[in-house]
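> This is the structure I want to talk about, given as structure tokens.
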Amino acid sequence: MTTAPRARVARRPVHGVLLLDKPLGWSSNDILQKVKWLLRAEKAGHTGTLDPLASGVLPLCFGAATKFSQLQLDADKSYQAVMCLGVKTSTADAEGEVIETRPVSVSAQDVARVAVQFTGPISQLPPMHSALKKDGKALYEYARAGVDVERTPRAVTIHQLAMALSLDSQGRQAIDLDVTCSKGTYIRTLGEDIGEALGCGAHLSALRRVATGAYHVAQCVTLADLEAMSEPERLACLLPVSSLLADHTVVTLDDDNAARFSNGLRRRGPWPDASKVAVYAEKGQVLLGTAQVVAGELIPGRLLSQTDIEQMTQAI
């Protein structure tokens, strides 16, 4: 008996940002491909990975939104995590093998002291089990082969750090973390370094991202809910492309200047200097792209194509 070939999904232009509450066990790319299929979207990208053992806010960008996804990569992030004390693993999280156990004798005063030590600008050594590249290969590829690669410490900033003694899901001594940090911060490494500072070692047993930039987990939709929706309901979950530019200064151009700006030409006007500008056409308040203003000159940055603009206008 022959099986009929599976019908191909008809892709279509989709523009916007979907805030997904990433479930445990999925890679960021696998979840992106799943949602891309559910929306039948032509073009999609995510804004920085979450480990399979992490859940929480994962902004997925579609169509024109992919042009501005770097903004979310650069945004501050907030996490809730659980550190299991007294147990170190090869990956600094629950996915790795136990490599050391130590007795735990940690007081609330110890926790308060260490919290201050790890708040503000700190230096982190990127973990071997990470996607950072060395000579074209991800560090985790070297780690899986048992090769330790020399890495350069990174300067990151912990804006806020709250720590409290607790028990983890297996009843082990633990610390609950609430962290707001700069881009490039590895929470696994933070937990491991805090464990060393406490003298007992530690690894992350749970990790959840609760915010990235202006996006919060309360705005997110789950994969299960998305799957249960009709196609129009799924599309209604999309935030506009402009939501990625919420912290940008707004400049609105008349028809003539909007057309010239869209062709990459600089415009002059009575605008104060600004490094991050979102530019709109006066007619229809259509997003044209980003720019910066220097000495009254509007200098184009990332521009949307005329096709993107027309498709976004039609979808309104």
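Residues are named by chain letter and number: chains run A, B, ... in the order of the structure tokens, numbers start at 1 in each chain, and ligands are numbered from 1 in the order shown.
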Fewer than 6 positions away in the same chain doesn't count, so skip those; otherwise give me all residues within 9 Å of region 179-191 of chain A, counting only C-alpha atoms, as an MDAnalysis selection string.
chainID A and resid 73:84 91:93 118 120 124:127 154:163 201:204 207 211
> Just the residues within 12 Å of Arg260 (chain A), please, counting only C-alpha atoms, with nothing from its chain fewer than 5 positions along; format it as a short mmCIF file (atom, residue, chain, number, x, y, z; two decimals) with C-alpha atoms, in the first residue's frame.

```cif
data_model
loop_
_atom_site.label_atom_id
_atom_site.label_comp_id
_atom_site.auth_asym_id
_atom_site.auth_seq_id
_atom_site.Cartn_x
_atom_site.Cartn_y
_atom_site.Cartn_z
CA LEU A 253 7.91 62.32 7.85
CA ASP A 254 5.58 63.80 5.26
CA ASP A 255 5.01 61.95 1.97
CA LEU A 265 18.55 59.48 1.63
CA ARG A 266 19.32 61.58 4.69
CA ARG A 267 16.78 64.24 5.69
CA ARG A 268 17.23 67.47 7.62
CA ALA A 281 5.36 57.96 7.33
CA LEU A 288 9.70 52.91 7.49
CA LEU A 298 18.20 62.01 10.04
CA ILE A 299 20.57 59.21 9.01
CA PRO A 300 18.88 55.96 7.81
CA LEU A 303 15.01 50.20 6.32
#
```
> Distance CA of Lys67 (chain A)-CA of Ala278 (chain A), one decimal place?
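Between these atoms lies a distance of 13.0 Å.
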> List as an MDAnalysis selection string the protein and nucleic acid residues near Glu297 (chain A), meaning an atom at most 12 Å away when only C-alpha atoms are counted, but skip any in the same chain fewer than 2 places from it.
chainID A and resid 251 261 265:275 277 291:295 299:300
> Based on the selection just made, write N, CA and C atoms of those residues as an mmCIF file, in the first residue's frame.

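again12.cif written:
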```cif
data_model
loop_
_atom_site.group_PDB
_atom_site.id
_atom_site.type_symbol
_atom_site.label_atom_id
_atom_site.label_comp_id
_atom_site.auth_asym_id
_atom_site.auth_seq_id
_atom_site.Cartn_x
_atom_site.Cartn_y
_atom_site.Cartn_z
ATOM 1 N N VAL A 251 10.115 59.754 14.914
ATOM 2 C CA VAL A 251 10.147 60.842 13.938
ATOM 3 C C VAL A 251 9.146 60.498 12.838
ATOM 4 N N PHE A 261 13.524 59.177 2.315
ATOM 5 C CA PHE A 261 14.150 58.418 3.401
ATOM 6 C C PHE A 261 14.148 56.923 3.080
ATOM 7 N N LEU A 265 18.033 58.109 1.624
ATOM 8 C CA LEU A 265 18.554 59.476 1.635
ATOM 9 C C LEU A 265 18.391 60.111 3.014
ATOM 10 N N ARG A 266 19.396 60.867 3.420
ATOM 11 C CA ARG A 266 19.324 61.581 4.695
ATOM 12 C C ARG A 266 18.356 62.760 4.572
ATOM 13 N N ARG A 267 17.690 63.098 5.673
ATOM 14 C CA ARG A 267 16.784 64.241 5.694
ATOM 15 C C ARG A 267 17.216 65.202 6.785
ATOM 16 N N ARG A 268 16.913 66.465 6.606
ATOM 17 C CA ARG A 268 17.226 67.472 7.618
ATOM 18 C C ARG A 268 15.937 67.969 8.257
ATOM 19 N N GLY A 269 16.012 68.253 9.563
ATOM 20 C CA GLY A 269 14.830 68.728 10.257
ATOM 21 C C GLY A 269 15.172 69.205 11.657
ATOM 22 N N PRO A 270 14.191 69.697 12.382
ATOM 23 C CA PRO A 270 14.415 70.280 13.726
ATOM 24 C C PRO A 270 14.424 69.227 14.827
ATOM 25 N N TRP A 271 15.145 68.135 14.606
ATOM 26 C CA TRP A 271 15.119 67.047 15.574
ATOM 27 C C TRP A 271 16.334 67.107 16.493
ATOM 28 N N PRO A 272 16.150 66.836 17.780
ATOM 29 C CA PRO A 272 17.313 66.749 18.680
ATOM 30 C C PRO A 272 18.111 65.478 18.387
ATOM 31 N N ASP A 273 19.393 65.496 18.740
ATOM 32 C CA ASP A 273 20.230 64.316 18.543
ATOM 33 C C ASP A 273 19.626 63.110 19.267
ATOM 34 N N ALA A 274 19.640 61.977 18.600
ATOM 35 C CA ALA A 274 19.128 60.729 19.187
ATOM 36 C C ALA A 274 19.803 59.561 18.495
ATOM 37 N N SER A 275 20.244 58.582 19.282
ATOM 38 C CA SER A 275 20.947 57.424 18.702
ATOM 39 C C SER A 275 19.993 56.342 18.222
ATOM 40 N N VAL A 277 16.159 55.924 16.718
ATOM 41 C CA VAL A 277 14.978 56.607 16.198
ATOM 42 C C VAL A 277 14.154 55.631 15.371
ATOM 43 N N ALA A 291 16.732 54.879 12.419
ATOM 44 C CA ALA A 291 17.694 55.911 12.036
ATOM 45 C C ALA A 291 18.361 56.447 13.295
ATOM 46 N N GLN A 292 19.274 57.394 13.094
ATOM 47 C CA GLN A 292 19.809 58.193 14.184
ATOM 48 C C GLN A 292 19.796 59.650 13.742
ATOM 49 N N VAL A 293 19.720 60.562 14.693
ATOM 50 C CA VAL A 293 19.751 61.980 14.378
ATOM 51 C C VAL A 293 21.049 62.564 14.911
ATOM 52 N N VAL A 294 21.813 63.173 14.018
ATOM 53 C CA VAL A 294 23.074 63.832 14.382
ATOM 54 C C VAL A 294 23.059 65.234 13.787
ATOM 55 N N ALA A 295 23.130 66.261 14.639
ATOM 56 C CA ALA A 295 23.168 67.662 14.200
ATOM 57 C C ALA A 295 22.034 67.982 13.226
ATOM 58 N N ILE A 299 19.703 60.131 9.753
ATOM 59 C CA ILE A 299 20.570 59.208 9.006
ATOM 60 C C ILE A 299 19.942 57.814 9.027
ATOM 61 N N PRO A 300 19.550 57.274 7.854
ATOM 62 C CA PRO A 300 18.883 55.963 7.809
ATOM 63 C C PRO A 300 19.724 54.847 8.412
#
```
> Could you produce a table of the residues of region 4-93 of chain A lying within 7 Å of region 241-244 of chain A, with the nearest pair of atoms per residue and their separation in Å rounded to one decimal, using only C-alpha atoms, ordered by chain and increasing residue number, as a tab-separated table?

```
residue	atom	partner	partner_atom	distance
A:His15	CA	A:Val241	CA	6.8
A:Gly16	CA	A:Val241	CA	4.6
A:Val17	CA	A:Val241	CA	6.2
A:Ala64	CA	A:Val241	CA	6.9
A:Ala65	CA	A:Val241	CA	5.0
A:Phe68	CA	A:Leu244	CA	6.9
```
> Produce a file of the selected residues containing N, CA and C atoms, as a short mmCIF file (atom, residue, chain, number, x, y, z; two decimals), in the first residue's frame.

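Contents of the output file selection36.cif:
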```cif
data_model
loop_
_atom_site.label_atom_id
_atom_site.label_comp_id
_atom_site.auth_asym_id
_atom_site.auth_seq_id
_atom_site.Cartn_x
_atom_site.Cartn_y
_atom_site.Cartn_z
N HIS A 15 4.14 39.31 9.27
CA HIS A 15 5.02 40.32 9.86
C HIS A 15 4.60 40.60 11.30
N GLY A 16 5.55 40.53 12.23
CA GLY A 16 5.24 40.84 13.62
C GLY A 16 6.08 40.03 14.59
N VAL A 17 5.77 40.14 15.86
CA VAL A 17 6.51 39.47 16.94
C VAL A 17 5.54 38.62 17.74
N ALA A 64 9.22 41.30 8.44
CA ALA A 64 9.96 42.55 8.63
C ALA A 64 10.57 42.65 10.03
N ALA A 65 9.97 41.98 11.00
CA ALA A 65 10.48 42.05 12.38
C ALA A 65 11.89 41.46 12.50
N PHE A 68 14.95 43.72 12.87
CA PHE A 68 15.23 44.43 14.12
C PHE A 68 15.44 43.47 15.29
#
```
> Quick one: DSSP helix (DSSP H, G or I) residues in region 20-157 of chain A, as a compact mmCIF listing (two decimals) with N, CA and C atoms, in the first residue's frame?

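Writing done, so here's states27.txt:
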```
# COMPACT_ATOMS: atom_id res chain seq x y z
N SER A 28 15.54 26.36 21.11
CA SER A 28 14.93 27.58 20.58
C SER A 28 14.65 27.46 19.10
N ASN A 29 15.55 26.80 18.35
CA ASN A 29 15.34 26.67 16.91
C ASN A 29 14.18 25.71 16.61
N ASP A 30 14.09 24.62 17.34
CA ASP A 30 12.98 23.67 17.11
C ASP A 30 11.63 24.34 17.35
N ILE A 31 11.55 25.16 18.41
CA ILE A 31 10.28 25.82 18.71
C ILE A 31 9.97 26.88 17.65
N LEU A 32 11.02 27.54 17.15
CA LEU A 32 10.82 28.53 16.08
C LEU A 32 10.24 27.86 14.84
N GLN A 33 10.81 26.72 14.45
CA GLN A 33 10.33 26.03 13.24
C GLN A 33 8.89 25.54 13.43
N LYS A 34 8.55 25.13 14.65
CA LYS A 34 7.18 24.68 14.94
C LYS A 34 6.19 25.83 14.78
N VAL A 35 6.52 26.98 15.36
CA VAL A 35 5.61 28.13 15.30
C VAL A 35 5.55 28.70 13.89
N LYS A 36 6.68 28.68 13.20
CA LYS A 36 6.71 29.12 11.80
C LYS A 36 5.75 28.28 10.97
N TRP A 37 5.72 26.98 11.22
CA TRP A 37 4.81 26.07 10.52
C TRP A 37 3.36 26.36 10.89
N LEU A 38 3.10 26.62 12.19
CA LEU A 38 1.74 26.90 12.63
C LEU A 38 1.19 28.19 11.99
N LEU A 39 2.07 29.16 11.76
CA LEU A 39 1.64 30.44 11.17
C LEU A 39 1.75 30.42 9.64
N GLY A 63 8.92 37.93 9.30
CA GLY A 63 8.96 38.90 8.22
C GLY A 63 9.81 40.11 8.53
N ALA A 64 9.22 41.30 8.44
CA ALA A 64 9.96 42.55 8.63
C ALA A 64 10.57 42.65 10.03
N ALA A 65 9.97 41.98 11.00
CA ALA A 65 10.48 42.05 12.38
C ALA A 65 11.89 41.46 12.50
N THR A 66 12.25 40.54 11.59
CA THR A 66 13.59 39.93 11.67
C THR A 66 14.70 40.97 11.46
N LYS A 67 14.36 42.09 10.80
CA LYS A 67 15.38 43.12 10.56
C LYS A 67 15.79 43.82 11.84
N PHE A 68 14.95 43.72 12.87
CA PHE A 68 15.23 44.43 14.12
C PHE A 68 15.44 43.47 15.29
N GLN A 70 18.04 42.03 16.34
CA GLN A 70 19.28 42.29 17.08
C GLN A 70 19.01 43.14 18.32
N LEU A 71 17.98 43.97 18.25
CA LEU A 71 17.66 44.85 19.38
C LEU A 71 17.33 44.04 20.62
N GLN A 72 16.66 42.89 20.44
CA GLN A 72 16.35 42.03 21.57
C GLN A 72 17.57 41.25 22.05
N LEU A 73 18.47 40.93 21.14
CA LEU A 73 19.72 40.29 21.55
C LEU A 73 20.49 41.20 22.49
N ALA A 108 21.89 32.81 56.01
CA ALA A 108 21.28 33.95 55.33
C ALA A 108 22.27 35.11 55.22
N GLN A 109 23.14 35.25 56.22
CA GLN A 109 24.15 36.31 56.18
C GLN A 109 25.16 36.05 55.04
N ASP A 110 25.51 34.77 54.84
CA ASP A 110 26.41 34.42 53.73
C ASP A 110 25.77 34.80 52.39
N VAL A 111 24.49 34.49 52.26
CA VAL A 111 23.77 34.77 51.02
C VAL A 111 23.73 36.27 50.76
N ALA A 112 23.45 37.07 51.79
CA ALA A 112 23.38 38.53 51.64
C ALA A 112 24.74 39.10 51.24
N ARG A 113 25.80 38.56 51.85
CA ARG A 113 27.16 39.04 51.52
C ARG A 113 27.51 38.75 50.07
N VAL A 114 27.21 37.55 49.61
CA VAL A 114 27.56 37.14 48.24
C VAL A 114 26.70 37.88 47.21
N ALA A 115 25.45 38.17 47.57
CA ALA A 115 24.57 38.92 46.65
C ALA A 115 25.18 40.28 46.32
N VAL A 116 25.73 40.94 47.31
CA VAL A 116 26.38 42.24 47.09
C VAL A 116 27.61 42.07 46.20
N GLN A 117 28.35 41.01 46.44
CA GLN A 117 29.58 40.73 45.69
C GLN A 117 29.31 40.54 44.20
N LEU A 139 31.64 26.13 21.12
CA LEU A 139 32.39 25.60 22.26
C LEU A 139 31.83 24.26 22.74
N TYR A 140 30.50 24.08 22.65
CA TYR A 140 29.94 22.81 23.14
C TYR A 140 30.43 21.63 22.32
N GLU A 141 30.84 21.87 21.04
CA GLU A 141 31.39 20.78 20.23
C GLU A 141 32.74 20.34 20.78
N TYR A 142 33.56 21.30 21.19
CA TYR A 142 34.84 20.95 21.83
C TYR A 142 34.58 20.22 23.15
N ALA A 143 33.61 20.73 23.93
CA ALA A 143 33.32 20.13 25.23
C ALA A 143 32.90 18.68 25.09
N ARG A 144 32.06 18.39 24.08
CA ARG A 144 31.61 17.01 23.87
C ARG A 144 32.76 16.10 23.47
```
> Rank nothing, just name the residue among A:Cys61, A:Pro121, A:Pro23, A:Glu192 nearest to Ser90 (chain A), using only C-alpha atoms.
A:Glu192
> What's the 9 Å shell around Leu18 (chain A), counting only C-alpha atoms, without same-chain residues fewer than 5 positions away, as number ranges by chain?
A: 58-62, 220-221, 235, 237-239
> Taking only region 43-167 of chain A into account, list the residues labelled strand (DSSP E or B) by DSSP (computed from the backbone), as a ChimeraX atom specification.
/A:44-46,54-62,77-85,87-89,93,98-101,120-124,133-134,137-138,154-167
> Any chance you can output those residues with N, CA and C atoms as a compact mmCIF listing (two decimals), in the first residue's frame?

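Wrote out01.txt, looks like this:
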```txt
# COMPACT_ATOMS: atom_id res chain seq x y z
N ALA A 44 11.29 33.76 9.34
CA ALA A 44 11.22 33.85 10.80
C ALA A 44 12.61 33.75 11.41
N GLY A 45 12.73 34.27 12.62
CA GLY A 45 13.98 34.17 13.37
C GLY A 45 13.70 34.42 14.85
N HIS A 46 14.58 33.90 15.72
CA HIS A 46 14.40 34.18 17.15
C HIS A 46 15.40 35.24 17.59
N ALA A 54 15.59 25.46 29.96
CA ALA A 54 15.05 26.75 30.39
C ALA A 54 13.70 26.99 29.73
N SER A 55 12.84 27.71 30.44
CA SER A 55 11.53 28.09 29.91
C SER A 55 11.43 29.61 29.93
N GLY A 56 10.31 30.11 29.38
CA GLY A 56 10.05 31.54 29.52
C GLY A 56 10.05 32.31 28.22
N VAL A 57 10.21 33.62 28.34
CA VAL A 57 10.01 34.55 27.24
C VAL A 57 10.98 34.29 26.09
N LEU A 58 10.41 33.97 24.93
CA LEU A 58 11.20 33.82 23.71
C LEU A 58 10.49 34.60 22.60
N PRO A 59 10.94 35.83 22.31
CA PRO A 59 10.32 36.59 21.22
C PRO A 59 10.70 35.97 19.87
N LEU A 60 9.70 35.64 19.07
CA LEU A 60 9.91 35.10 17.73
C LEU A 60 9.53 36.17 16.73
N CYS A 61 10.45 36.46 15.81
CA CYS A 61 10.24 37.54 14.85
C CYS A 61 9.87 36.96 13.48
N PHE A 62 8.90 37.59 12.84
CA PHE A 62 8.43 37.14 11.53
C PHE A 62 8.49 38.28 10.53
N LYS A 77 17.93 41.34 30.30
CA LYS A 77 17.07 40.18 30.52
C LYS A 77 16.83 40.00 32.02
N SER A 78 15.69 39.39 32.36
CA SER A 78 15.40 39.04 33.76
C SER A 78 15.09 37.55 33.85
N TYR A 79 15.60 36.91 34.90
CA TYR A 79 15.45 35.47 35.08
C TYR A 79 15.05 35.14 36.51
N GLN A 80 14.38 34.01 36.65
CA GLN A 80 14.19 33.36 37.95
C GLN A 80 14.87 32.01 37.86
N ALA A 81 15.69 31.68 38.84
CA ALA A 81 16.45 30.43 38.78
C ALA A 81 16.54 29.80 40.16
N VAL A 82 16.83 28.51 40.17
CA VAL A 82 17.06 27.78 41.42
C VAL A 82 18.46 27.16 41.34
N MET A 83 19.29 27.45 42.34
CA MET A 83 20.63 26.89 42.45
C MET A 83 20.62 25.76 43.47
N CYS A 84 20.99 24.58 43.03
CA CYS A 84 21.16 23.47 43.97
C CYS A 84 22.56 23.57 44.57
N LEU A 85 22.63 23.66 45.89
CA LEU A 85 23.91 23.84 46.59
C LEU A 85 24.59 22.50 46.86
N VAL A 87 26.44 20.63 44.94
CA VAL A 87 26.60 19.69 43.81
C VAL A 87 27.04 20.47 42.58
N LYS A 88 28.22 20.12 42.05
CA LYS A 88 28.69 20.73 40.80
C LYS A 88 28.50 19.73 39.66
N THR A 89 28.15 20.24 38.49
CA THR A 89 28.00 19.37 37.32
C THR A 89 28.89 19.85 36.18
N ASP A 93 24.55 22.95 35.02
CA ASP A 93 23.09 22.84 35.17
C ASP A 93 22.72 21.37 35.33
N VAL A 98 27.32 14.84 37.44
CA VAL A 98 27.85 15.33 38.72
C VAL A 98 29.35 15.09 38.75
N ILE A 99 30.10 16.17 38.99
CA ILE A 99 31.56 16.06 39.02
C ILE A 99 32.14 16.30 40.42
N GLU A 100 31.31 16.81 41.33
CA GLU A 100 31.81 17.06 42.69
C GLU A 100 30.63 17.31 43.63
N THR A 101 30.74 16.79 44.85
CA THR A 101 29.77 17.12 45.89
C THR A 101 30.52 17.62 47.12
N GLY A 120 26.25 44.43 40.12
CA GLY A 120 27.02 45.46 39.43
C GLY A 120 27.88 44.85 38.34
N PRO A 121 28.92 45.55 37.90
CA PRO A 121 29.81 45.00 36.86
C PRO A 121 30.60 43.81 37.40
N ILE A 122 30.56 42.70 36.69
CA ILE A 122 31.34 41.51 37.07
C ILE A 122 32.00 40.93 35.82
N SER A 123 32.90 39.99 36.04
CA SER A 123 33.58 39.30 34.94
C SER A 123 33.15 37.84 34.94
N GLN A 124 32.83 37.32 33.76
CA GLN A 124 32.43 35.91 33.63
C GLN A 124 33.30 35.22 32.59
N LYS A 133 31.49 30.68 19.42
CA LYS A 133 32.34 30.04 18.42
C LYS A 133 33.83 30.25 18.70
N LYS A 134 34.61 29.22 18.39
CA LYS A 134 36.07 29.29 18.44
C LYS A 134 36.58 28.60 17.19
N LYS A 137 33.88 26.70 15.27
CA LYS A 137 33.14 25.62 15.94
C LYS A 137 32.57 26.13 17.26
N ALA A 138 31.36 25.69 17.58
CA ALA A 138 30.75 26.06 18.86
C ALA A 138 31.53 25.42 20.01
N ARG A 154 34.46 37.76 30.08
CA ARG A 154 33.58 38.81 29.56
C ARG A 154 33.14 39.73 30.68
N ALA A 155 33.03 41.01 30.35
CA ALA A 155 32.47 41.98 31.30
C ALA A 155 30.96 42.03 31.09
N VAL A 156 30.20 41.76 32.14
CA VAL A 156 28.74 41.85 32.11
C VAL A 156 28.29 42.64 33.34
N THR A 157 27.01 42.98 33.36
CA THR A 157 26.49 43.76 34.50
C THR A 157 25.25 43.07 35.07
N ILE A 158 25.28 42.85 36.37
CA ILE A 158 24.11 42.33 37.10
C ILE A 158 23.41 43.55 37.70
N HIS A 159 22.32 43.96 37.10
CA HIS A 159 21.62 45.17 37.55
C HIS A 159 20.92 44.95 38.89
N GLN A 160 20.29 43.79 39.04
CA GLN A 160 19.60 43.45 40.29
C GLN A 160 19.80 41.97 40.58
N LEU A 161 20.01 41.65 41.85
CA LEU A 161 20.18 40.25 42.24
C LEU A 161 19.56 40.04 43.61
N ALA A 162 18.51 39.24 43.64
CA ALA A 162 17.87 38.86 44.92
C ALA A 162 18.10 37.37 45.13
N MET A 163 18.53 36.99 46.34
CA MET A 163 18.84 35.60 46.66
C MET A 163 18.20 35.21 47.98
N ALA A 164 17.63 34.01 48.02
CA ALA A 164 16.99 33.53 49.25
C ALA A 164 17.20 32.03 49.39
N LEU A 165 17.54 31.59 50.59
CA LEU A 165 17.70 30.16 50.86
C LEU A 165 16.37 29.43 50.70
N SER A 166 16.43 28.22 50.13
CA SER A 166 15.20 27.45 49.91
C SER A 166 15.57 25.97 49.75
N LEU A 167 14.61 25.19 49.30
CA LEU A 167 14.84 23.80 48.90
C LEU A 167 14.42 23.67 47.44
```
> Which residue is closest to Val210 (chain A)? Choose from A:Asp256, A:Glu282, A:Asp178, A:Glu42 and count only C-alpha atoms.
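Once distances to Val210 (chain A) are computed over only C-alpha atoms, the minimum belongs to A:Asp178.
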> Just to confirm, what's the straight-line distance from CA of Asp21 (chain A) to CA of Gln314 (chain A) in Å (one decimal)?
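Computing the Euclidean distance for CA of Asp21 (chain A) and CA of Gln314 (chain A) yields 28.5 Å.
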> What separation in Å, quoted to one decimal, exists between CA of Thr152 (chain A) and CA of Glu97 (chain A)?
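CA of Glu97 (chain A) lies 24.5 Å from CA of Thr152 (chain A).
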